[in-house]
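File shown: work_23.txt. Contents: compact mmCIF, C-alpha atoms.
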```txt
# COMPACT_ATOMS: atom_id res chain seq x y z
CA MET S 14 73.82 91.89 132.91
CA LYS S 15 76.22 94.77 133.49
CA LYS S 16 79.08 92.68 131.98
CA TRP S 17 77.06 92.15 128.79
CA LYS S 18 76.46 95.89 128.44
CA ILE S 19 80.16 96.59 128.88
CA LEU S 20 81.10 93.82 126.43
CA CYS S 21 78.58 95.08 123.84
CA ALA S 22 79.79 98.66 124.26
CA LEU S 23 83.40 97.52 123.87
CA LEU S 24 82.61 95.48 120.73
CA LEU S 25 80.66 98.39 119.27
CA ALA S 26 83.56 100.76 119.94
CA VAL S 27 86.02 98.35 118.28
CA PHE S 28 83.71 97.88 115.29
CA LEU S 29 83.16 101.62 114.84
CA SER S 30 86.84 102.47 115.16
CA THR S 31 87.80 99.74 112.68
CA GLY S 32 85.08 100.89 110.28
CA ALA S 33 86.27 104.47 110.55
CA LEU S 34 89.84 103.48 109.71
CA LEU S 35 89.01 101.12 106.84
CA PRO S 36 87.92 103.79 104.28
CA SER S 37 91.04 105.85 104.93
CA ALA S 38 93.23 102.77 104.53
CA LEU S 39 91.56 101.93 101.23
CA ALA S 40 91.79 105.54 100.07
CA ALA S 41 95.52 105.55 100.78
CA ASP S 42 95.87 102.57 98.44
CA ALA S 43 94.20 104.37 95.51
CA PRO S 44 96.22 107.39 94.36
CA GLU S 45 94.50 110.59 93.32
CA PRO S 46 93.65 110.90 89.62
CA SER S 47 96.32 112.68 87.59
CA GLU S 48 95.62 115.16 84.80
CA THR S 49 97.63 116.85 82.04
CA VAL S 50 96.58 119.32 79.35
CA THR S 51 97.96 119.48 75.80
CA ASP S 52 97.23 122.74 73.94
CA PHE S 53 96.93 122.93 70.14
CA SER S 54 97.62 125.94 67.90
CA ASP S 55 93.93 126.37 66.97
CA GLY S 56 92.97 126.88 70.63
CA SER S 57 91.62 123.36 71.13
CA TYR S 58 93.14 121.16 73.79
CA LEU S 59 93.27 117.62 75.10
CA VAL S 60 92.87 116.78 78.77
CA THR S 61 94.44 113.45 79.73
CA ARG S 62 93.35 111.83 82.98
CA ILE S 63 94.45 108.67 84.76
CA THR S 64 92.04 107.23 87.30
CA TYR S 65 92.35 104.10 89.40
CA ASP S 66 89.43 101.72 89.80
CA ALA S 67 88.01 101.50 93.31
CA MET S 68 89.71 98.84 95.37
CA ASP S 69 87.73 95.66 95.83
CA PRO S 70 88.58 94.18 99.24
CA ALA S 71 88.21 90.69 97.74
CA ARG S 72 90.77 91.43 95.01
CA GLU S 73 94.19 89.89 95.43
CA ALA S 74 97.09 92.11 96.37
CA GLY S 75 99.31 92.77 93.39
CA GLN S 76 96.46 93.62 91.02
CA LYS S 77 95.59 97.07 89.73
CA SER S 78 93.17 98.45 87.17
CA GLY S 79 92.43 101.90 85.87
CA THR S 80 91.58 104.14 82.96
CA LYS S 81 93.44 106.72 80.90
CA SER S 82 91.05 109.07 79.11
CA HIS S 83 91.53 111.78 76.50
CA ASP S 84 88.89 114.53 76.59
CA TYR S 85 89.02 116.77 73.52
CA TYR S 86 87.81 120.38 73.88
CA ASN S 87 87.39 123.11 71.28
CA SER S 88 88.70 126.67 71.72
CA ALA S 89 85.38 127.66 73.36
CA HIS S 90 86.07 125.09 76.13
CA GLN S 91 83.27 122.77 75.00
CA ILE S 92 84.00 119.06 75.26
CA LEU S 93 83.64 117.35 71.87
CA TRP S 94 84.54 113.73 72.61
CA THR S 95 86.23 111.38 75.06
CA PHE S 96 88.27 108.28 74.26
CA ARG S 97 89.45 105.87 76.97
CA VAL S 98 91.57 102.80 77.50
CA HIS S 99 90.89 100.63 80.52
CA GLY S 100 93.62 98.25 81.63
CA THR S 101 94.04 95.54 84.22
CA PHE S 102 97.46 94.59 85.54
CA SER S 103 99.33 92.25 87.84
CA TYR S 104 102.48 93.45 89.60
CA ASP S 105 104.90 92.07 92.18
CA GLY S 106 106.99 95.02 93.31
CA GLY S 107 109.61 94.48 90.60
CA SER S 108 107.71 94.03 87.36
CA ALA S 109 104.19 94.31 86.00
CA GLU S 110 102.15 92.62 83.31
CA ALA S 111 98.96 93.75 81.60
CA THR S 112 96.17 91.16 81.81
CA GLY S 113 93.40 92.97 79.93
CA ALA S 114 92.51 96.01 77.82
CA ASP S 115 89.31 97.59 76.56
CA TYR S 116 88.25 100.93 75.10
CA SER S 117 85.21 103.16 75.31
CA TYR S 118 84.22 106.55 73.93
CA ASP S 119 81.59 109.29 74.20
CA ILE S 120 80.69 111.92 71.62
CA TYR S 121 79.25 115.22 72.88
CA ASP S 122 79.12 117.20 69.62
CA SER S 123 77.02 115.89 66.72
CA ALA S 124 79.54 117.16 64.14
CA TRP S 125 81.84 114.33 65.25
CA SER S 126 81.38 110.62 64.64
CA PHE S 127 83.28 107.55 65.79
CA ASN S 128 84.59 105.26 63.05
CA SER S 129 86.32 102.37 64.75
CA GLY S 130 88.38 101.30 67.73
CA SER S 131 90.44 98.46 69.10
CA ALA S 132 92.30 97.56 72.27
CA PHE S 133 95.16 95.21 73.09
CA TYR S 134 97.74 94.62 75.80
CA SER S 135 101.38 93.70 75.69
CA GLY S 136 103.99 93.63 78.42
CA ALA S 137 102.91 96.09 81.11
CA THR S 138 100.87 98.30 78.74
CA ALA S 139 97.22 98.41 77.69
CA THR S 140 96.63 100.35 74.46
CA ALA S 141 93.50 101.51 72.64
CA SER S 142 93.32 103.04 69.18
CA GLY S 143 90.36 104.90 67.76
CA SER S 144 89.28 106.98 64.80
CA PHE S 145 86.91 109.96 64.87
CA THR S 146 85.64 112.01 61.93
CA ILE S 147 84.56 115.65 61.58
CA LEU S 148 83.43 117.07 58.23
CA SER S 149 84.70 113.99 56.39
CA MET S 150 88.19 114.45 57.86
CA PRO S 151 89.28 111.41 59.90
CA SER S 152 91.39 111.83 63.00
CA SER S 153 93.08 108.86 64.67
CA LEU S 154 94.56 108.54 68.12
CA SER S 155 96.12 106.00 70.41
CA VAL S 156 95.99 105.91 74.22
CA SER S 157 98.33 103.75 76.34
CA LEU S 158 98.18 102.96 80.04
CA THR S 159 101.24 101.41 81.68
CA CYS S 160 101.67 99.87 85.13
CA SER S 161 104.97 99.96 87.02
CA GLY S 162 106.26 97.09 89.10
CA LYS S 163 104.96 98.91 92.17
CA GLY S 164 101.41 99.27 90.78
CA VAL S 165 101.62 102.91 89.67
CA LEU S 166 99.72 103.72 86.49
CA SER S 167 101.05 106.16 83.91
```
If you took the structure in this file and wrote it as structure tokens, what would it be?
Amino acid sequence: MKKWKILCALLLAVFLSTGALLPSALAADAPEPSETVTDFSDGSYLVTRITYDAMDPAREAGQKSGTKSHDYYNSAHQILWTFRVHGTFSYDGGSAEATGADYSYDIYDSAWSFNSGSAFYSGATATASGSFTILSMPSSLSVSLTCSGKGVLS
């Protein structure tokens, strides 16, 4: 009986220590989101973010997916809209290839409307194009997400 208690305690300790290390190992595989800001002369600005999708333990090594988003703010720091490209990629340490692309958007200010959008992939890049309108003035943009041969998104 005492041997079973020791064996159970040992198995529990191994399980808990492995479980404690697993999240940190997965977190090390997903880089922190990156962010840049582009200022415009009228005081508005665009915040560009790259985020990696959460790692799926069942996913094959050499696959990566993520999103590049453009958040547009007015000079009063109010977000007006967001436009995103989501890409999926395969990489082997030397080269990468895009395997999918999609786009999405959100509008936060009713003065803006979304006209149209499309997404495609070519080589190691996923690209989305979209068109927004404010006061009958259309504004188009394009967002590209590229994967390096080592699985780094830019």
Item to complete: Extract, using only C-alpha atoms, all DNA, RNA and protein residues at most 10 Å from Ser152 of chain S, discarding same-chain residues fewer than 5 positions from it, and format them as a list in words.
Response: Phe127, Asn128, Gly143, Ser144, Phe145, Thr146 and Ile147 of chain S
Item to complete: Rank nothing, just name the residue among S:Gly113, S:Gly107, S:Gly162, S:Gly100 nearest to Ser78 of chain S, using all atoms listed in the file.
Response: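 Going through S:Gly113, S:Gly107, S:Gly162, S:Gly100 one by one, the smallest distance to Ser78 of chain S is for S:Gly100.
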Worksheet item: What's the 9 Å shell around Tyr134 of chain S, counting all atoms listed in the file, without same-chain residues fewer than 6 positions away, as a ChimeraX atom specification?
Response: /S:100,110-115,140-141
Fill in: Given all atoms listed in the file as the counted atoms, nearest of S:Ser123, S:Gln76, S:Ser135, S:Thr61 to Thr95 of chain S
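Nearest to Thr95 of chain S: S:Thr61.
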Discussion item. Please determine, counting only C-alpha atoms, which residue among S:Ser103, S:Ser117, S:Ser167, S:Ser57 has the shortest atom-to-atom distance to Gln91 of chain S.
Written reply: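 For Gln91 of chain S, the nearest of the given residues is S:Ser57.
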For the structure just given, write the atoms of segment 101-126 of chain S, namely N, CA and C atoms, as a PDB file, in the first residue's frame.
```pdb
ATOM      1  N   THR S 101      -1.881  32.043 -43.396  1.00  0.00           N
ATOM      2  CA  THR S 101      -1.328  30.775 -42.936  1.00  0.00           C
ATOM      3  C   THR S 101      -0.140  30.432 -43.819  1.00  0.00           C
ATOM      4  N   PHE S 102       0.881  29.829 -43.207  1.00  0.00           N
ATOM      5  CA  PHE S 102       2.151  29.629 -43.896  1.00  0.00           C
ATOM      6  C   PHE S 102       2.761  28.283 -43.535  1.00  0.00           C
ATOM      7  N   SER S 103       3.575  27.780 -44.445  1.00  0.00           N
ATOM      8  CA  SER S 103       4.442  26.633 -44.194  1.00  0.00           C
ATOM      9  C   SER S 103       5.876  27.121 -44.356  1.00  0.00           C
ATOM     10  N   TYR S 104       6.765  26.648 -43.501  1.00  0.00           N
ATOM     11  CA  TYR S 104       8.178  27.050 -43.596  1.00  0.00           C
ATOM     12  C   TYR S 104       9.056  25.875 -43.204  1.00  0.00           C
ATOM     13  N   ASP S 105      10.307  25.907 -43.675  1.00  0.00           N
ATOM     14  CA  ASP S 105      11.202  24.774 -43.423  1.00  0.00           C
ATOM     15  C   ASP S 105      12.571  25.188 -42.894  1.00  0.00           C
ATOM     16  N   GLY S 106      12.700  26.411 -42.440  1.00  0.00           N
ATOM     17  CA  GLY S 106      13.985  26.885 -41.945  1.00  0.00           C
ATOM     18  C   GLY S 106      14.778  27.635 -42.996  1.00  0.00           C
ATOM     19  N   GLY S 107      14.449  27.438 -44.275  1.00  0.00           N
ATOM     20  CA  GLY S 107      15.153  28.126 -45.354  1.00  0.00           C
ATOM     21  C   GLY S 107      14.229  28.982 -46.203  1.00  0.00           C
ATOM     22  N   SER S 108      13.003  28.498 -46.392  1.00  0.00           N
ATOM     23  CA  SER S 108      12.042  29.259 -47.193  1.00  0.00           C
ATOM     24  C   SER S 108      10.650  29.067 -46.595  1.00  0.00           C
ATOM     25  N   ALA S 109       9.724  29.908 -47.051  1.00  0.00           N
ATOM     26  CA  ALA S 109       8.352  29.841 -46.563  1.00  0.00           C
ATOM     27  C   ALA S 109       7.407  29.975 -47.743  1.00  0.00           C
ATOM     28  N   GLU S 110       6.189  29.512 -47.541  1.00  0.00           N
ATOM     29  CA  GLU S 110       5.167  29.620 -48.570  1.00  0.00           C
ATOM     30  C   GLU S 110       3.825  29.888 -47.891  1.00  0.00           C
ATOM     31  N   ALA S 111       3.100  30.878 -48.398  1.00  0.00           N
ATOM     32  CA  ALA S 111       1.756  31.147 -47.900  1.00  0.00           C
ATOM     33  C   ALA S 111       0.822  30.048 -48.396  1.00  0.00           C
ATOM     34  N   THR S 112      -0.085  29.619 -47.528  1.00  0.00           N
ATOM     35  CA  THR S 112      -1.044  28.566 -47.900  1.00  0.00           C
ATOM     36  C   THR S 112      -2.486  29.049 -47.793  1.00  0.00           C
ATOM     37  N   GLY S 113      -2.687  30.270 -47.294  1.00  0.00           N
ATOM     38  CA  GLY S 113      -4.044  30.792 -47.191  1.00  0.00           C
ATOM     39  C   GLY S 113      -4.042  32.250 -46.801  1.00  0.00           C
ATOM     40  N   ALA S 114      -5.125  32.958 -47.163  1.00  0.00           N
ATOM     41  CA  ALA S 114      -5.269  34.375 -46.815  1.00  0.00           C
ATOM     42  C   ALA S 114      -6.754  34.703 -46.696  1.00  0.00           C
ATOM     43  N   ASP S 115      -7.067  35.580 -45.760  1.00  0.00           N
ATOM     44  CA  ASP S 115      -8.432  36.043 -45.577  1.00  0.00           C
ATOM     45  C   ASP S 115      -8.369  37.453 -44.995  1.00  0.00           C
ATOM     46  N   TYR S 116      -9.465  38.183 -45.076  1.00  0.00           N
ATOM     47  CA  TYR S 116      -9.496  39.521 -44.495  1.00  0.00           C
ATOM     48  C   TYR S 116     -10.724  39.662 -43.608  1.00  0.00           C
ATOM     49  N   SER S 117     -10.665  40.633 -42.715  1.00  0.00           N
ATOM     50  CA  SER S 117     -11.817  40.988 -41.892  1.00  0.00           C
ATOM     51  C   SER S 117     -11.697  42.469 -41.562  1.00  0.00           C
ATOM     52  N   TYR S 118     -12.788  43.053 -41.106  1.00  0.00           N
ATOM     53  CA  TYR S 118     -12.781  44.468 -40.752  1.00  0.00           C
ATOM     54  C   TYR S 118     -13.819  44.735 -39.670  1.00  0.00           C
ATOM     55  N   ASP S 119     -13.646  45.854 -38.981  1.00  0.00           N
ATOM     56  CA  ASP S 119     -14.628  46.372 -38.023  1.00  0.00           C
ATOM     57  C   ASP S 119     -14.713  47.870 -38.239  1.00  0.00           C
ATOM     58  N   ILE S 120     -15.907  48.406 -38.128  1.00  0.00           N
ATOM     59  CA  ILE S 120     -16.119  49.853 -38.207  1.00  0.00           C
ATOM     60  C   ILE S 120     -16.666  50.312 -36.863  1.00  0.00           C
ATOM     61  N   TYR S 121     -16.030  51.335 -36.275  1.00  0.00           N
ATOM     62  CA  TYR S 121     -16.406  51.832 -34.956  1.00  0.00           C
ATOM     63  C   TYR S 121     -17.065  53.205 -35.004  1.00  0.00           C
ATOM     64  N   ASP S 122     -17.001  53.870 -36.143  1.00  0.00           N
ATOM     65  CA  ASP S 122     -17.573  55.205 -36.309  1.00  0.00           C
ATOM     66  C   ASP S 122     -18.551  55.153 -37.478  1.00  0.00           C
ATOM     67  N   SER S 123     -19.804  55.545 -37.237  1.00  0.00           N
ATOM     68  CA  SER S 123     -20.852  55.408 -38.249  1.00  0.00           C
ATOM     69  C   SER S 123     -20.657  56.306 -39.469  1.00  0.00           C
ATOM     70  N   ALA S 124     -19.738  57.264 -39.408  1.00  0.00           N
ATOM     71  CA  ALA S 124     -19.465  58.098 -40.581  1.00  0.00           C
ATOM     72  C   ALA S 124     -18.712  57.311 -41.658  1.00  0.00           C
ATOM     73  N   TRP S 125     -18.108  56.200 -41.262  1.00  0.00           N
ATOM     74  CA  TRP S 125     -17.350  55.363 -42.193  1.00  0.00           C
ATOM     75  C   TRP S 125     -18.199  54.186 -42.654  1.00  0.00           C
ATOM     76  N   SER S 126     -17.930  53.723 -43.864  1.00  0.00           N
ATOM     77  CA  SER S 126     -18.560  52.499 -44.363  1.00  0.00           C
ATOM     78  C   SER S 126     -17.508  51.694 -45.116  1.00  0.00           C
TER      79      SER S 126
END
```
